[in-house]
Amino acid sequence: MSVPYLQIGLILSLATILSAFAKQARLPSILAYIVTGILVGMSGYFEASNFRPILDFLAQLGITFLLFLVGLELRFSDIKYIGRAALLTGLGQIIFTGLAGFILSRVLGFGGIEAVYIAAALTFSSTIIVVKLLTEKRDLDSLYGKITVGFLLVQDFIAILALIFIASLGKDVNFVKFSITFIEGVVLVGLIIFLNRNLLQSLFDRLAKSTELLFLGSISWALLFASATAALGFSIEIGAFLAGIGLANLREEHQIATRIRPLRDLFIVIFFIVLGLETGLSNLNGIIGSTIVLSLFVLVGKTIIVMIIMGVLGFRARTSFLASVTVAQISEFSLVLVALGSRLEHINSQIVSLITAVGLVTIGVSSFSIMNSSRLYRFLAKPLRIFQRKNLTEEAIDVGQDLQDHVVLIGAGRLGWEVAMELYKKGENLLVVDFDPSTTRALSEKGIEVIFGDVSDPEIAESACLGKSKLVVSTMFDSEDTKELFEILKDLHKKPPLVVTSPTESAALEYYKMGAAYVIIPRVLGSHHISHLLTSGKLQDLLEGDLRKNHIEELKTRLGERQI
């Protein structure tokens, strides 16, 4: 009995170490988990006959809790809030990538069913990875960031439907069985909706009096309902997904999700490790060529498809490129999809190994591409112009202004907004550059000159007349963006003083060496402000409550300013 404990402990320890290295390299942890499985398989130490079934069961729990949470957090109403551009881009990308992926798979010699699975797996991109990287870049609120999140949401809905469809087929694929299963599924969904509205809310209201009972009740519901649906001829995956839908919109929904998520995270790690185990270097011998071709299709082909679609919709080449780079990897749903297909015996283990290998390549390369997308665009700017229409629907850049002796503020987020308001109140000739449409709209309505876009775009930099400005202030935190700004100013005939922002003291010293006039470190400035507050005459106001009252009024005023 001690052997499985030791083996699982060693496997998770290796996964932890590799994940730490991945974090240092700014790579997604999923790569570390798959590589862990490959290394474990190569070692040969973990081949005990009684151990692999345990790992497979734990991996199955990972998929079960993953789909349970997907059902719990699914919002079909979110489709209403996806913009037209994101919806058309998402649907167009799925259709054209799917068709191209199917044709390419057939050309490579794969059978019809295998080609369908490969095409579907290549179509979807990882929302988790992309959102995480865009958050690190602070680009989530940019135009391309919002479009990207929108079409990834479309992909997620289609991916969920694909998983349900495949799981409902079972091992014997025939139209009659699928039709019967579909009708039974509709009845089952109706039952779930009935239980959600008439029984589950009152039951979980009682369980919610104890967080322990709520946790146990949620797991019990997920496992029992999944088992019941499996007994009716459906898969465990469909049962888990429907169990999640059954608890969706309950008052306790967020509390349930918070409790279940750590379980999902643990077991899904084991699922990816098992995928790595199945991949094995020996399984890759006959598919290296296919892996290279399909990886290139995902990295280059999907990018071109999205650029063409967004170009037709009237977006500028830069916006199209930054959004298209984000789809150049396959999704965790892709890996779940082929694992499910293998378990249902629709495809063999070699296809699973192929898609896993494509995932390793594309997730690694695309993570680097996303983090350096602005630099890549500058390098490829000229040839990428072919994807840009003459008549743009994206907000045009006004390059006709003859700006001079002005202050250029780059970034109007929380810090930048306050700087903009103070400069505007003092009557400075101010120009703000920002890529958040709502922020630029709010500033424009106040009468402040605004350019919508990213200053690393040559067109934007030229329009801002940086060489004629008296001061450039950047509130960007990203070090790569800041260094790019230094490079842009270096090429100017007249170089204005540059104020930049840094999260750390070490980076600030580096910026000073590069020629910064001043470096803003918000954490340091905040600590100075608090120290001054507690040691000055304001301390009495704090103790008497006047400081609190004045601060609340100030916050309400500032919030009102941003919502104009």
# chains A, B, ... in the order shown; residues from 1 in each chain; ligands from 1
>>> residues_around(residues="region 462-473 of chain A", least_positions_apart="3", cutoff="6 Å", atoms="only C-alpha atoms", output="number ranges by chain")
A: 399, 404-409, 459, 492, 494, 496-499
>>> residues_around(residues="region 291-297 of chain A", least_positions_apart="4", cutoff="10 Å", atoms="only C-alpha atoms", output="PDB file with C-alpha atoms, in the first residue's frame")
ATOM      1  CA  THR A  97      -9.523  26.257 -39.164  1.00  0.00           C
ATOM      2  CA  ALA A 100      -8.277  23.420 -43.267  1.00  0.00           C
ATOM      3  CA  GLY A 101      -7.260  21.124 -40.399  1.00  0.00           C
ATOM      4  CA  LEU A 104      -4.480  18.774 -43.969  1.00  0.00           C
ATOM      5  CA  SER A 105      -5.011  15.701 -41.774  1.00  0.00           C
ATOM      6  CA  LEU A 108      -1.104  13.479 -44.073  1.00  0.00           C
ATOM      7  CA  ILE A 118      -7.400  16.262 -35.180  1.00  0.00           C
ATOM      8  CA  ALA A 119      -9.198  19.177 -36.881  1.00  0.00           C
ATOM      9  CA  LEU A 122      -6.405  22.141 -33.609  1.00  0.00           C
ATOM     10  CA  LEU A 284       6.431   9.849 -31.340  1.00  0.00           C
ATOM     11  CA  GLY A 286       6.202   7.602 -36.488  1.00  0.00           C
ATOM     12  CA  ILE A 287       4.527  10.975 -36.085  1.00  0.00           C
ATOM     13  CA  GLY A 301      -2.126  28.959 -40.299  1.00  0.00           C
ATOM     14  CA  LYS A 302      -4.495  29.881 -37.462  1.00  0.00           C
ATOM     15  CA  THR A 303      -2.774  33.254 -37.136  1.00  0.00           C
ATOM     16  CA  ILE A 304      -3.257  34.021 -40.845  1.00  0.00           C
ATOM     17  CA  ALA A 328      -1.607  30.056 -32.025  1.00  0.00           C
ATOM     18  CA  GLN A 329      -1.836  27.151 -29.592  1.00  0.00           C
ATOM     19  CA  ILE A 330      -4.263  24.334 -28.808  1.00  0.00           C
ATOM     20  CA  SER A 353       0.335  11.395 -28.513  1.00  0.00           C
ATOM     21  CA  LEU A 354       0.277  13.487 -31.700  1.00  0.00           C
ATOM     22  CA  ILE A 355      -2.078  16.135 -30.282  1.00  0.00           C
ATOM     23  CA  THR A 356      -0.185  16.198 -26.982  1.00  0.00           C
ATOM     24  CA  ALA A 357       3.090  16.790 -28.848  1.00  0.00           C
ATOM     25  CA  VAL A 358       1.465  19.560 -30.906  1.00  0.00           C
ATOM     26  CA  GLY A 359       0.236  21.054 -27.636  1.00  0.00           C
ATOM     27  CA  LEU A 360       3.742  21.049 -26.149  1.00  0.00           C
ATOM     28  CA  VAL A 361       5.185  22.822 -29.198  1.00  0.00           C
ATOM     29  CA  THR A 362       2.423  25.356 -29.783  1.00  0.00           C
ATOM     30  CA  ILE A 363       1.796  26.311 -26.158  1.00  0.00           C
ATOM     31  CA  VAL A 365       6.084  28.924 -28.809  1.00  0.00           C
TER      32      VAL A 365
END
>>> closest_residue(among="A:Gln7, A:Thr504, A:Ser479, A:Ser126", to="Ala159 (chain A)", atoms="only C-alpha atoms")
A:Ser126
>>> select_by_dssp(residues="region 234-479 of chain A", states="alpha helix (DSSP H)", output="count of residues only")
147
>>> closest_residue(among="A:Ala412, A:Ala120, A:Leu58, A:Ile8", to="Leu161 (chain A)", atoms="only C-alpha atoms")
A:Ala120
>>> closest_residue(among="A:Ile552, A:Ile236, A:Met310, A:Leu188", to="Tyr144 (chain A)", atoms="only C-alpha atoms")
A:Met310
>>> residues_around(residues="Ser334 (chain A)", least_positions_apart="4", cutoff="7 Å", atoms="only C-alpha atoms", output="tab-separated table (two decimals) with C-alpha atoms, in the first residue's frame")
chain	number	residue	atom	x	y	z
A	121	ALA	CA	-8.36	19.66	-31.48
A	124	PHE	CA	-9.61	25.47	-30.10
A	330	ILE	CA	-4.26	24.33	-28.81
A	338	VAL	CA	-8.73	13.41	-27.77
>>> closest_residue(among="A:Val269, A:Leu376, A:Ile245, A:Leu322", to="Val70 (chain A)", atoms="only C-alpha atoms")
A:Ile245
>>> closest_residue(among="A:Arg389, A:Ala507, A:Thr16, A:Phe234", to="Leu344 (chain A)", atoms="only C-alpha atoms")
A:Phe234
>>> residues_around(residues="Ala22 (chain A)", least_positions_apart="6", cutoff="8 Å", atoms="only C-alpha atoms", output="list in words")
Pro28, Ser29, Leu31 and Ala32 of chain A
>>> closest_residue(among="A:Glu422, A:Glu212, A:Asp457, A:Asp491", to="Ala381 (chain A)", atoms="only C-alpha atoms")
A:Asp457
>>> residues_around(residues="Gly453 (chain A)", least_positions_apart="5", cutoff="7 Å", atoms="only C-alpha atoms", output="list in words")
Val433, Asp434, Phe435 and Ile460 of chain A
>>> write_last_selection(atoms="C-alpha atoms", output="mmCIF file, in the first residue's frame")
data_model
loop_
_atom_site.group_PDB
_atom_site.id
_atom_site.type_symbol
_atom_site.label_atom_id
_atom_site.label_comp_id
_atom_site.auth_asym_id
_atom_site.auth_seq_id
_atom_site.Cartn_x
_atom_site.Cartn_y
_atom_site.Cartn_z
ATOM 1 C CA VAL A 433 -2.321 57.619 -25.605
ATOM 2 C CA ASP A 434 -4.288 54.579 -24.394
ATOM 3 C CA PHE A 435 -5.601 51.310 -25.871
ATOM 4 C CA ILE A 460 0.718 56.011 -33.119
#
>>> atom_distance(atom1="CA of Val274 (chain A)", atom2="CA of Gly112 (chain A)")
26.4 Å
>>> residues_around(residues="Asp481 (chain A)", least_positions_apart="4", cutoff="12 Å", atoms="only C-alpha atoms", output="PDB file with C-alpha atoms, in the first residue's frame")
ATOM      1  CA  LYS A 137       0.974  42.234 -20.124  1.00  0.00           C
ATOM      2  CA  ARG A 138      -1.866  44.464 -18.821  1.00  0.00           C
ATOM      3  CA  ASP A 139      -3.468  44.211 -22.269  1.00  0.00           C
ATOM      4  CA  MET A 371       4.548  38.159 -24.588  1.00  0.00           C
ATOM      5  CA  ASN A 372       6.621  39.684 -27.434  1.00  0.00           C
ATOM      6  CA  SER A 373       3.827  40.393 -29.918  1.00  0.00           C
ATOM      7  CA  SER A 374       4.497  44.151 -30.163  1.00  0.00           C
ATOM      8  CA  ARG A 375       8.147  43.533 -31.003  1.00  0.00           C
ATOM      9  CA  ILE A 410       1.014  57.006 -22.154  1.00  0.00           C
ATOM     10  CA  GLY A 411      -1.523  54.889 -20.319  1.00  0.00           C
ATOM     11  CA  ASP A 454      -0.390  51.567 -28.435  1.00  0.00           C
ATOM     12  CA  VAL A 455       2.581  53.926 -28.564  1.00  0.00           C
ATOM     13  CA  SER A 456       4.834  51.084 -29.740  1.00  0.00           C
ATOM     14  CA  ASP A 457       2.885  51.193 -33.009  1.00  0.00           C
ATOM     15  CA  SER A 474       4.527  56.557 -19.178  1.00  0.00           C
ATOM     16  CA  THR A 475       2.463  54.677 -16.605  1.00  0.00           C
ATOM     17  CA  MET A 476       3.077  51.298 -18.299  1.00  0.00           C
ATOM     18  CA  PHE A 477       4.321  48.599 -15.911  1.00  0.00           C
ATOM     19  CA  LEU A 485       9.638  53.310 -25.539  1.00  0.00           C
ATOM     20  CA  PHE A 486      13.270  54.113 -24.755  1.00  0.00           C
ATOM     21  CA  GLU A 487      14.216  52.753 -28.195  1.00  0.00           C
ATOM     22  CA  ILE A 488      11.559  54.897 -29.914  1.00  0.00           C
ATOM     23  CA  VAL A 500       8.468  55.948 -16.597  1.00  0.00           C
ATOM     24  CA  THR A 501       6.843  53.601 -14.084  1.00  0.00           C
ATOM     25  CA  SER A 502       8.440  50.583 -12.412  1.00  0.00           C
TER      26      SER A 502
END
